[in-house]
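Engineer: Dropping in coords01.txt, which is compact mmCIF, C-alpha atoms and all ligand atoms:
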# COMPACT_ATOMS: atom_id res chain seq x y z
CA MET A 74 -5.72 -36.90 32.34
CA THR A 75 -3.61 -37.47 29.21
CA ILE A 76 0.08 -38.28 29.44
CA GLU A 77 0.94 -34.87 28.03
CA GLU A 78 -1.08 -33.07 30.73
CA ASN A 79 0.56 -35.29 33.32
CA VAL A 80 4.04 -33.87 32.76
CA TYR A 81 2.84 -30.40 33.65
CA GLU A 82 2.51 -29.34 37.25
CA SER A 83 -1.26 -29.16 37.42
CA ASP A 84 -1.84 -28.21 41.05
CA ALA A 85 -3.54 -24.82 40.80
CA LEU A 86 -1.62 -23.05 43.57
CA VAL A 87 1.78 -24.36 42.49
CA SER A 88 1.01 -23.27 38.93
CA GLN A 89 -0.10 -19.85 40.12
CA TYR A 90 3.16 -19.43 42.03
CA CYS A 91 5.22 -20.66 39.07
CA ASN A 92 3.51 -18.08 36.92
CA PHE A 93 4.00 -15.37 39.56
CA GLN A 94 7.70 -16.15 40.02
CA TYR A 95 8.73 -17.28 36.51
CA GLY A 96 6.07 -15.67 34.29
CA GLU A 97 5.79 -12.31 32.57
CA GLU A 98 5.67 -8.96 34.32
CA HIS A 99 2.42 -6.97 34.26
CA PHE A 100 1.53 -3.27 34.45
CA GLY A 101 5.23 -2.35 34.61
CA VAL A 102 5.63 -3.91 38.07
CA PRO A 103 9.01 -5.68 38.28
CA ASN A 104 9.19 -9.39 39.05
CA PHE A 105 8.88 -9.55 42.85
CA ALA A 106 11.35 -12.39 43.46
CA ILE A 107 14.01 -10.70 41.33
CA ARG A 108 13.38 -7.29 42.88
CA CYS A 109 13.63 -8.63 46.43
CA ALA A 110 16.84 -10.51 45.60
CA GLU A 111 18.30 -7.33 44.06
CA PHE A 112 17.60 -5.41 47.27
CA ALA A 113 19.08 -8.25 49.32
CA LEU A 114 22.25 -8.49 47.21
CA GLU A 115 22.76 -4.75 47.48
CA TYR A 116 22.58 -4.82 51.30
CA ALA A 117 24.56 -8.05 51.54
CA LYS A 118 27.53 -6.49 49.74
CA LYS A 119 28.65 -5.41 53.21
CA THR A 120 28.90 -9.08 54.31
CA PRO A 121 31.22 -11.93 53.16
CA MET A 122 28.29 -13.21 51.00
CA LYS A 123 29.09 -16.83 51.73
CA SER A 124 25.65 -18.25 52.51
CA ALA A 125 22.06 -17.12 52.33
CA LEU A 126 18.76 -18.63 53.42
CA ASP A 127 15.52 -17.98 51.53
CA LEU A 128 12.77 -18.99 53.96
CA GLY A 129 9.31 -19.62 52.55
CA CYS A 130 10.95 -19.77 49.12
CA ALA A 131 7.87 -21.28 47.41
CA THR A 132 8.89 -22.24 43.86
CA GLY A 133 12.44 -20.98 44.38
CA ARG A 134 12.96 -18.03 42.01
CA ALA A 135 14.51 -15.72 44.59
CA SER A 136 16.81 -18.51 45.82
CA PHE A 137 18.32 -18.79 42.33
CA GLU A 138 18.56 -15.00 42.06
CA LEU A 139 20.41 -14.79 45.39
CA ALA A 140 22.93 -17.32 44.03
CA ARG A 141 24.04 -14.66 41.52
CA GLY A 142 25.88 -13.09 44.47
CA PHE A 143 26.12 -15.73 47.22
CA GLU A 144 28.43 -18.74 47.23
CA SER A 145 25.63 -20.94 48.53
CA VAL A 146 21.89 -20.50 48.95
CA THR A 147 19.39 -22.65 50.80
CA GLY A 148 15.71 -22.38 49.91
CA ILE A 149 13.26 -23.81 52.43
CA ASP A 150 9.49 -24.03 52.25
CA PHE A 151 6.79 -25.81 54.25
CA SER A 152 5.27 -27.09 51.02
CA ALA A 153 7.13 -30.02 49.45
CA ARG A 154 5.25 -29.42 46.19
CA PHE A 155 6.56 -25.85 45.97
CA VAL A 156 10.11 -26.90 46.79
CA GLN A 157 9.90 -29.59 44.10
CA VAL A 158 9.67 -26.86 41.44
CA GLY A 159 13.04 -25.40 42.47
CA LEU A 160 14.51 -28.90 42.59
CA ASP A 161 13.16 -29.68 39.11
CA LEU A 162 14.68 -26.51 37.69
CA LYS A 163 18.02 -27.36 39.29
CA ASN A 164 18.07 -31.10 38.50
CA GLU A 165 16.01 -31.43 35.31
CA GLY A 166 16.93 -28.06 33.82
CA GLU A 167 13.33 -27.00 33.22
CA ILE A 168 9.93 -26.51 34.78
CA ARG A 169 6.50 -26.83 33.20
CA TYR A 170 3.28 -25.41 34.52
CA GLN A 171 -0.18 -24.33 33.42
CA ARG A 172 -1.07 -20.65 33.20
CA VAL A 173 -4.82 -20.06 33.51
CA VAL A 174 -6.12 -18.00 30.59
CA GLU A 175 -9.87 -18.07 31.36
CA GLY A 176 -12.24 -20.66 32.79
CA GLU A 177 -10.85 -24.09 32.01
CA ILE A 178 -8.57 -22.78 29.25
CA VAL A 179 -4.90 -23.02 30.23
CA HIS A 180 -1.63 -22.34 28.47
CA GLN A 181 1.26 -24.76 28.97
CA GLU A 182 4.39 -22.88 29.95
CA THR A 183 8.00 -24.09 30.04
CA ARG A 184 10.99 -22.30 31.56
CA THR A 185 14.50 -23.62 31.17
CA ILE A 186 17.50 -23.09 33.37
CA ASP A 187 19.46 -21.75 30.37
CA GLU A 188 16.93 -19.08 29.43
CA LEU A 189 16.74 -18.00 33.07
CA GLY A 190 20.54 -17.73 33.22
CA TYR A 191 20.99 -20.12 36.17
CA SER A 192 23.03 -22.92 34.50
CA ASP A 193 26.30 -21.87 36.11
CA ILE A 194 24.92 -21.18 39.59
CA ALA A 195 22.33 -23.93 40.07
CA ASP A 196 24.84 -26.17 41.85
CA ASN A 197 25.13 -23.52 44.55
CA VAL A 198 21.41 -23.67 45.38
CA GLU A 199 19.78 -26.35 47.53
CA PHE A 200 16.15 -26.80 48.47
CA TRP A 201 14.60 -28.40 51.51
CA GLN A 202 11.14 -28.88 52.90
CA GLY A 203 11.05 -27.33 56.37
CA ASP A 204 9.13 -25.30 58.92
CA ALA A 205 10.31 -21.73 59.62
CA CYS A 206 8.84 -22.03 63.12
CA ASN A 207 10.74 -25.23 63.86
CA LEU A 208 13.93 -25.24 61.78
CA ARG A 209 16.69 -27.73 62.36
CA ALA A 210 19.65 -26.21 64.24
CA HIS A 211 22.14 -26.75 61.44
CA PHE A 212 20.34 -24.16 59.30
CA SER A 213 22.50 -21.38 60.75
CA GLY A 214 25.65 -19.32 60.12
CA TYR A 215 24.08 -17.23 57.32
CA ASP A 216 25.13 -13.78 56.09
CA LEU A 217 21.59 -13.15 54.88
CA ILE A 218 18.18 -14.53 55.72
CA MET A 219 15.37 -13.42 53.47
CA ALA A 220 11.73 -14.23 54.16
CA THR A 221 9.42 -12.62 51.63
CA ASN A 222 5.71 -12.54 52.29
CA LEU A 223 6.13 -15.23 54.92
CA ILE A 224 5.44 -13.82 58.38
CA ASP A 225 1.69 -13.30 57.93
CA ARG A 226 1.39 -16.89 56.69
CA LEU A 227 3.10 -18.47 59.71
CA TYR A 228 1.05 -20.29 62.34
CA GLU A 229 3.20 -18.70 65.07
CA PRO A 230 5.43 -15.90 63.68
CA LEU A 231 7.15 -15.26 67.02
CA LEU A 232 8.60 -18.78 67.04
CA PHE A 233 10.53 -17.78 63.92
CA LEU A 234 11.29 -14.14 64.78
CA GLU A 235 12.45 -14.67 68.36
CA GLU A 236 15.28 -16.99 67.37
CA VAL A 237 16.16 -15.92 63.81
CA HIS A 238 19.14 -13.89 65.11
CA LEU A 239 20.76 -17.14 66.27
CA ARG A 240 20.96 -18.30 62.65
CA LEU A 241 22.67 -15.14 61.34
CA ASN A 242 26.31 -14.13 61.55
CA LYS A 243 27.16 -10.86 63.30
CA GLY A 244 26.60 -8.02 60.83
CA GLY A 245 24.34 -10.28 58.74
CA TYR A 246 21.06 -9.07 57.27
CA LEU A 247 17.50 -10.20 57.84
CA ILE A 248 15.23 -9.05 55.04
CA LEU A 249 11.51 -9.41 55.55
CA THR A 250 8.67 -8.40 53.30
CA SER A 251 5.00 -8.54 54.13
CA PRO A 252 1.77 -6.88 53.08
CA TYR A 253 0.61 -7.69 56.65
CA THR A 254 -2.52 -9.43 55.42
CA TRP A 255 -3.23 -11.18 58.69
CA LEU A 256 -5.88 -13.87 58.43
CA GLU A 257 -7.10 -16.23 61.13
CA GLU A 258 -7.05 -18.97 58.55
CA TYR A 259 -3.22 -18.90 58.78
CA THR A 260 -2.43 -17.26 62.14
CA LYS A 261 -4.65 -17.22 65.25
CA LYS A 262 -5.53 -13.62 66.05
CA GLU A 263 -3.78 -13.65 69.43
CA LEU A 264 -0.54 -14.46 67.56
CA TRP A 265 -0.74 -11.60 65.01
CA LEU A 266 2.23 -9.22 65.27
CA GLY A 267 0.05 -6.22 64.48
CA GLY A 268 -3.01 -5.18 62.55
CA TYR A 269 -5.25 -4.88 65.60
CA TYR A 270 -6.33 -2.52 68.41
CA ASP A 271 -4.97 -3.25 71.86
CA GLU A 272 -7.15 -3.32 75.00
CA ALA A 273 -6.80 0.46 75.40
CA GLY A 274 -7.99 0.96 71.81
CA HIS A 275 -4.53 1.90 70.49
CA VAL A 276 -3.44 0.87 67.01
CA VAL A 277 -0.81 -1.88 66.98
CA ASP A 278 0.76 -1.99 63.54
CA SER A 279 2.90 -4.81 62.24
CA LEU A 280 6.14 -2.84 61.87
CA ASP A 281 5.88 -1.90 65.56
CA GLY A 282 5.28 -5.57 66.33
CA LEU A 283 8.43 -6.47 64.38
CA LYS A 284 10.46 -3.78 66.16
CA LYS A 285 9.38 -5.10 69.54
CA VAL A 286 10.72 -8.57 68.84
CA LEU A 287 13.70 -7.75 66.59
CA LEU A 288 15.27 -4.55 68.01
CA PRO A 289 16.96 -6.34 70.92
CA HIS A 290 19.17 -8.12 68.37
CA PHE A 291 18.96 -5.98 65.23
CA GLU A 292 19.23 -2.43 63.95
CA LEU A 293 16.39 -1.46 61.57
CA VAL A 294 18.32 -0.22 58.54
CA ALA A 295 15.54 0.71 56.12
CA THR A 296 12.04 0.02 54.88
CA HIS A 297 10.92 -0.03 51.25
CA ASP A 298 7.57 -0.49 49.54
CA VAL A 299 7.82 -3.35 47.07
CA PRO A 300 4.78 -3.93 44.85
CA PHE A 301 3.88 -7.21 43.21
CA VAL A 302 1.27 -8.54 40.82
CA ILE A 303 -0.02 -12.11 41.00
CA PRO A 304 -1.91 -13.08 37.82
CA GLU A 305 -5.06 -15.13 38.45
CA THR A 306 -6.20 -15.32 34.82
CA ALA A 307 -5.18 -13.48 31.65
CA ARG A 308 -7.49 -10.66 32.73
CA LYS A 309 -7.52 -10.72 36.55
CA PHE A 310 -4.61 -9.82 38.82
CA GLN A 311 -3.86 -9.27 42.51
CA HIS A 312 -1.86 -6.06 42.94
CA THR A 313 -0.32 -5.78 46.40
CA ILE A 314 2.26 -3.57 48.09
CA SER A 315 4.54 -5.39 50.45
CA GLN A 316 6.64 -3.60 53.04
CA MET A 317 10.27 -4.65 53.03
CA SER A 318 12.10 -4.16 56.32
CA VAL A 319 15.89 -4.55 56.41
CA TRP A 320 17.45 -5.58 59.71
CA LYS A 321 21.17 -5.79 60.50
CA LYS A 322 22.28 -8.11 63.29
CA LYS A 323 24.11 -6.25 66.05
C1 LIG A 401 2.75 -15.89 50.39
S1 LIG A 401 3.87 -17.18 49.99
C2 LIG A 401 5.37 -16.29 49.64
C3 LIG A 401 6.31 -17.09 48.79
C4 LIG A 401 7.57 -16.36 48.31
N1 LIG A 401 8.49 -16.11 49.40
C5 LIG A 401 7.22 -15.08 47.61
O1 LIG A 401 7.55 -14.00 48.12
O2 LIG A 401 6.61 -15.14 46.54
C6 LIG A 401 4.19 -17.86 51.58
C7 LIG A 401 5.09 -19.09 51.51
O3 LIG A 401 5.43 -19.48 52.82
C8 LIG A 401 5.35 -20.87 52.92
N2 LIG A 401 5.14 -21.20 54.34
C9 LIG A 401 4.01 -21.08 55.08
N3 LIG A 401 4.24 -21.47 56.34
C10 LIG A 401 5.55 -21.84 56.40
C11 LIG A 401 6.38 -22.35 57.44
N4 LIG A 401 5.92 -22.58 58.65
N5 LIG A 401 7.68 -22.61 57.14
C12 LIG A 401 8.18 -22.40 55.89
N6 LIG A 401 7.42 -21.94 54.88
C13 LIG A 401 6.13 -21.66 55.13
C14 LIG A 401 4.22 -21.25 52.01
O4 LIG A 401 4.27 -22.62 51.62
C15 LIG A 401 4.43 -20.30 50.85
O5 LIG A 401 5.32 -20.82 49.90
Represent the supplied structure as structure tokens.

Structural biologist:
Amino acid sequence: MTIEENVYESDALVSQYCNFQYGEEHFGVPNFAIRCAEFALEYAKKTPMKSALDLGCATGRASFELARGFESVTGIDFSARFVQVGLDLKNEGEIRYQRVVEGEIVHQETRTIDELGYSDIADNVEFWQGDACNLRAHFSGYDLIMATNLIDRLYEPLLFLEEVHLRLNKGGYLILTSPYTWLEEYTKKELWLGGYYDEAGHVVDSLDGLKKVLLPHFELVATHDVPFVIPETARKFQHTISQMSVWKKK
């Protein structure tokens, strides 16, 4: 590896997420991190907008976007390598990553904090490595908790969902998105919230699974379909439709 290649984040998954979160839009589908943050900021207008938590923040784009409206934002992800991207943008003022064009051909990309418009708000964003299913107690007192495309990647989603209300202020919002792509590789089947038939052969869908665990503490305010496109190469893309569910703490 040459020195020049070395300064770029070369891990394939981190680069793919950088490109997804900080790269160009495709097929007219808005940037997912920005779109989700816009929804969240709109709902959060009804709160004091002091602090927000972006759980499973990956490379941090939505955390920065939330800081356009919140006084302080915490981004947490299980992956230290993902979180490092947000930290680099905040502390170094730029990120570099490789966008796959085709085969072994890659394009070096750079995004700066100035061009993204985060220079004045970056100090209000912090990033931590952490586990949504086993979060330290001091991560609490939020007006908004957003977890986009996280729940179907958790090893035990109920550990997160059963106690998330304790981390929110009264009247605060929990915003979840998920395409409900349950896979045993991430979540043992007996721990899926939905996406299966019960013993009587009835469909158990994931929104019903969410209602079962969240309605004791939350009102379900709305659902929205939010599409996203993850580029794999210059000519191959994953197009997915996530379901956003908006929950207000009683
Ligand atoms: C499908 S990605 C979604 C990333 C981002 N929120 C988005 O919408 O683009 C799932 C993210 O959840 C993170 N993750 C998986 N398990 C986690 C856990 N137990 N605690 C916190 N983050 C977790 C992964 O590292 C990954 O960044």

Engineer: Output as JSON the centre and edge lengths (Å, one decimal) of the box along x, y and z of the file that holds every listed atom of ligand LIG 401 (chain A) after adding 5 Å on each side.

Structural biologist:
{"center_x": 5.6, "center_y": -18.3, "center_z": 52.6, "size_x": 15.7, "size_y": 18.6, "size_z": 22.1}

Engineer: When the cut-off is 8 Å and you count all atoms listed in the file, which residues lie near ligand LIG 401 (chain A), shown as a ChimeraX atom specification?

Structural biologist: /A:90,93-94,105-106,127-133,135,149-152,155,202-207,220-224,226-229,250

Engineer: Would you output that residue set with C-alpha atoms, as a PDB file, in the frame of the given file?

Structural biologist:
ATOM      1  CA  TYR A  90       3.160 -19.430  42.030  1.00  0.00           C
ATOM      2  CA  PHE A  93       4.000 -15.370  39.560  1.00  0.00           C
ATOM      3  CA  GLN A  94       7.700 -16.150  40.020  1.00  0.00           C
ATOM      4  CA  PHE A 105       8.880  -9.550  42.850  1.00  0.00           C
ATOM      5  CA  ALA A 106      11.350 -12.390  43.460  1.00  0.00           C
ATOM      6  CA  ASP A 127      15.520 -17.980  51.530  1.00  0.00           C
ATOM      7  CA  LEU A 128      12.770 -18.990  53.960  1.00  0.00           C
ATOM      8  CA  GLY A 129       9.310 -19.620  52.550  1.00  0.00           C
ATOM      9  CA  CYS A 130      10.950 -19.770  49.120  1.00  0.00           C
ATOM     10  CA  ALA A 131       7.870 -21.280  47.410  1.00  0.00           C
ATOM     11  CA  THR A 132       8.890 -22.240  43.860  1.00  0.00           C
ATOM     12  CA  GLY A 133      12.440 -20.980  44.380  1.00  0.00           C
ATOM     13  CA  ALA A 135      14.510 -15.720  44.590  1.00  0.00           C
ATOM     14  CA  ILE A 149      13.260 -23.810  52.430  1.00  0.00           C
ATOM     15  CA  ASP A 150       9.490 -24.030  52.250  1.00  0.00           C
ATOM     16  CA  PHE A 151       6.790 -25.810  54.250  1.00  0.00           C
ATOM     17  CA  SER A 152       5.270 -27.090  51.020  1.00  0.00           C
ATOM     18  CA  PHE A 155       6.560 -25.850  45.970  1.00  0.00           C
ATOM     19  CA  GLN A 202      11.140 -28.880  52.900  1.00  0.00           C
ATOM     20  CA  GLY A 203      11.050 -27.330  56.370  1.00  0.00           C
ATOM     21  CA  ASP A 204       9.130 -25.300  58.920  1.00  0.00           C
ATOM     22  CA  ALA A 205      10.310 -21.730  59.620  1.00  0.00           C
ATOM     23  CA  CYS A 206       8.840 -22.030  63.120  1.00  0.00           C
ATOM     24  CA  ASN A 207      10.740 -25.230  63.860  1.00  0.00           C
ATOM     25  CA  ALA A 220      11.730 -14.230  54.160  1.00  0.00           C
ATOM     26  CA  THR A 221       9.420 -12.620  51.630  1.00  0.00           C
ATOM     27  CA  ASN A 222       5.710 -12.540  52.290  1.00  0.00           C
ATOM     28  CA  LEU A 223       6.130 -15.230  54.920  1.00  0.00           C
ATOM     29  CA  ILE A 224       5.440 -13.820  58.380  1.00  0.00           C
ATOM     30  CA  ARG A 226       1.390 -16.890  56.690  1.00  0.00           C
ATOM     31  CA  LEU A 227       3.100 -18.470  59.710  1.00  0.00           C
ATOM     32  CA  TYR A 228       1.050 -20.290  62.340  1.00  0.00           C
ATOM     33  CA  GLU A 229       3.200 -18.700  65.070  1.00  0.00           C
ATOM     34  CA  THR A 250       8.670  -8.400  53.300  1.00  0.00           C
TER      35      THR A 250
END

Engineer: What's the 7 Å shell around Glu292 of chain A, counting all atoms listed in the file, without same-chain residues fewer than 3 positions away, as a list in words?

Structural biologist: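 Here the answer would be Leu288, Trp320, Lys321, Lys322 and Lys323 of chain A.
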
Engineer: So how many Å separate atom CA of Glu144 of chain A and atom CA of Phe112 of chain A, to one decimal?

Structural biologist: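 These atoms are spaced 17.2 Å apart.
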
Engineer: Give me the residues near Tyr191 of chain A as a list in words, where near means some atom within 9 Å (using only C-alpha atoms) and where sequence neighbours in that chain fewer than 4 positions away do not count.

Structural biologist: Phe137, Glu138, Ala140, Arg141, Lys163, Thr185, Ile186, Asp187 and Ala195 of chain A

Engineer: Work out how far apart atom CA of Ile218 of chain A and atom CA of Pro289 of chain A are and give it in Å to one decimal.

Structural biologist: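 Interatomic distance here is 17.3 Å.
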
Engineer: Can you sort out segment 151-164 of chain A so it carries N, CA, C and O atoms, written as a PDB file, keeping the file's coordinate frame?

Structural biologist:
ATOM      1  N   PHE A 151       7.640 -24.834  53.563  1.00  0.00           N
ATOM      2  CA  PHE A 151       6.790 -25.810  54.250  1.00  0.00           C
ATOM      3  C   PHE A 151       6.198 -26.790  53.240  1.00  0.00           C
ATOM      4  O   PHE A 151       5.949 -27.943  53.549  1.00  0.00           O
ATOM      5  N   SER A 152       5.954 -26.292  52.038  1.00  0.00           N
ATOM      6  CA  SER A 152       5.270 -27.090  51.020  1.00  0.00           C
ATOM      7  C   SER A 152       6.278 -27.859  50.162  1.00  0.00           C
ATOM      8  O   SER A 152       7.062 -27.265  49.413  1.00  0.00           O
ATOM      9  N   ALA A 153       6.224 -29.189  50.251  1.00  0.00           N
ATOM     10  CA  ALA A 153       7.130 -30.020  49.450  1.00  0.00           C
ATOM     11  C   ALA A 153       6.848 -29.835  47.963  1.00  0.00           C
ATOM     12  O   ALA A 153       7.757 -29.912  47.141  1.00  0.00           O
ATOM     13  N   ARG A 154       5.583 -29.589  47.612  1.00  0.00           N
ATOM     14  CA  ARG A 154       5.250 -29.420  46.190  1.00  0.00           C
ATOM     15  C   ARG A 154       5.875 -28.147  45.628  1.00  0.00           C
ATOM     16  O   ARG A 154       6.308 -28.101  44.482  1.00  0.00           O
ATOM     17  N   PHE A 155       5.913 -27.087  46.422  1.00  0.00           N
ATOM     18  CA  PHE A 155       6.560 -25.850  45.970  1.00  0.00           C
ATOM     19  C   PHE A 155       8.063 -26.075  45.792  1.00  0.00           C
ATOM     20  O   PHE A 155       8.641 -25.714  44.774  1.00  0.00           O
ATOM     21  N   VAL A 156       8.662 -26.674  46.814  1.00  0.00           N
ATOM     22  CA  VAL A 156      10.110 -26.900  46.790  1.00  0.00           C
ATOM     23  C   VAL A 156      10.504 -27.775  45.594  1.00  0.00           C
ATOM     24  O   VAL A 156      11.577 -27.603  45.004  1.00  0.00           O
ATOM     25  N   GLN A 157       9.608 -28.687  45.218  1.00  0.00           N
ATOM     26  CA  GLN A 157       9.900 -29.590  44.100  1.00  0.00           C
ATOM     27  C   GLN A 157      10.136 -28.816  42.796  1.00  0.00           C
ATOM     28  O   GLN A 157      10.928 -29.244  41.948  1.00  0.00           O
ATOM     29  N   VAL A 158       9.490 -27.654  42.661  1.00  0.00           N
ATOM     30  CA  VAL A 158       9.670 -26.860  41.440  1.00  0.00           C
ATOM     31  C   VAL A 158      11.119 -26.369  41.349  1.00  0.00           C
ATOM     32  O   VAL A 158      11.773 -26.497  40.305  1.00  0.00           O
ATOM     33  N   GLY A 159      11.640 -25.849  42.453  1.00  0.00           N
ATOM     34  CA  GLY A 159      13.040 -25.400  42.470  1.00  0.00           C
ATOM     35  C   GLY A 159      13.985 -26.559  42.208  1.00  0.00           C
ATOM     36  O   GLY A 159      14.961 -26.433  41.457  1.00  0.00           O
ATOM     37  N   LEU A 160      13.669 -27.710  42.810  1.00  0.00           N
ATOM     38  CA  LEU A 160      14.510 -28.900  42.590  1.00  0.00           C
ATOM     39  C   LEU A 160      14.472 -29.334  41.140  1.00  0.00           C
ATOM     40  O   LEU A 160      15.496 -29.708  40.565  1.00  0.00           O
ATOM     41  N   ASP A 161      13.285 -29.277  40.528  1.00  0.00           N
ATOM     42  CA  ASP A 161      13.160 -29.680  39.110  1.00  0.00           C
ATOM     43  C   ASP A 161      13.983 -28.750  38.220  1.00  0.00           C
ATOM     44  O   ASP A 161      14.656 -29.197  37.294  1.00  0.00           O
ATOM     45  N   LEU A 162      13.925 -27.460  38.511  1.00  0.00           N
ATOM     46  CA  LEU A 162      14.680 -26.510  37.690  1.00  0.00           C
ATOM     47  C   LEU A 162      16.180 -26.806  37.815  1.00  0.00           C
ATOM     48  O   LEU A 162      16.917 -26.827  36.832  1.00  0.00           O
ATOM     49  N   LYS A 163      16.603 -27.070  39.052  1.00  0.00           N
ATOM     50  CA  LYS A 163      18.020 -27.360  39.290  1.00  0.00           C
ATOM     51  C   LYS A 163      18.450 -28.698  38.663  1.00  0.00           C
ATOM     52  O   LYS A 163      19.464 -28.783  37.996  1.00  0.00           O
ATOM     53  N   ASN A 164      17.645 -29.744  38.893  1.00  0.00           N
ATOM     54  CA  ASN A 164      18.070 -31.100  38.500  1.00  0.00           C
ATOM     55  C   ASN A 164      17.680 -31.494  37.081  1.00  0.00           C
ATOM     56  O   ASN A 164      18.398 -32.223  36.419  1.00  0.00           O
TER      57      ASN A 164
END
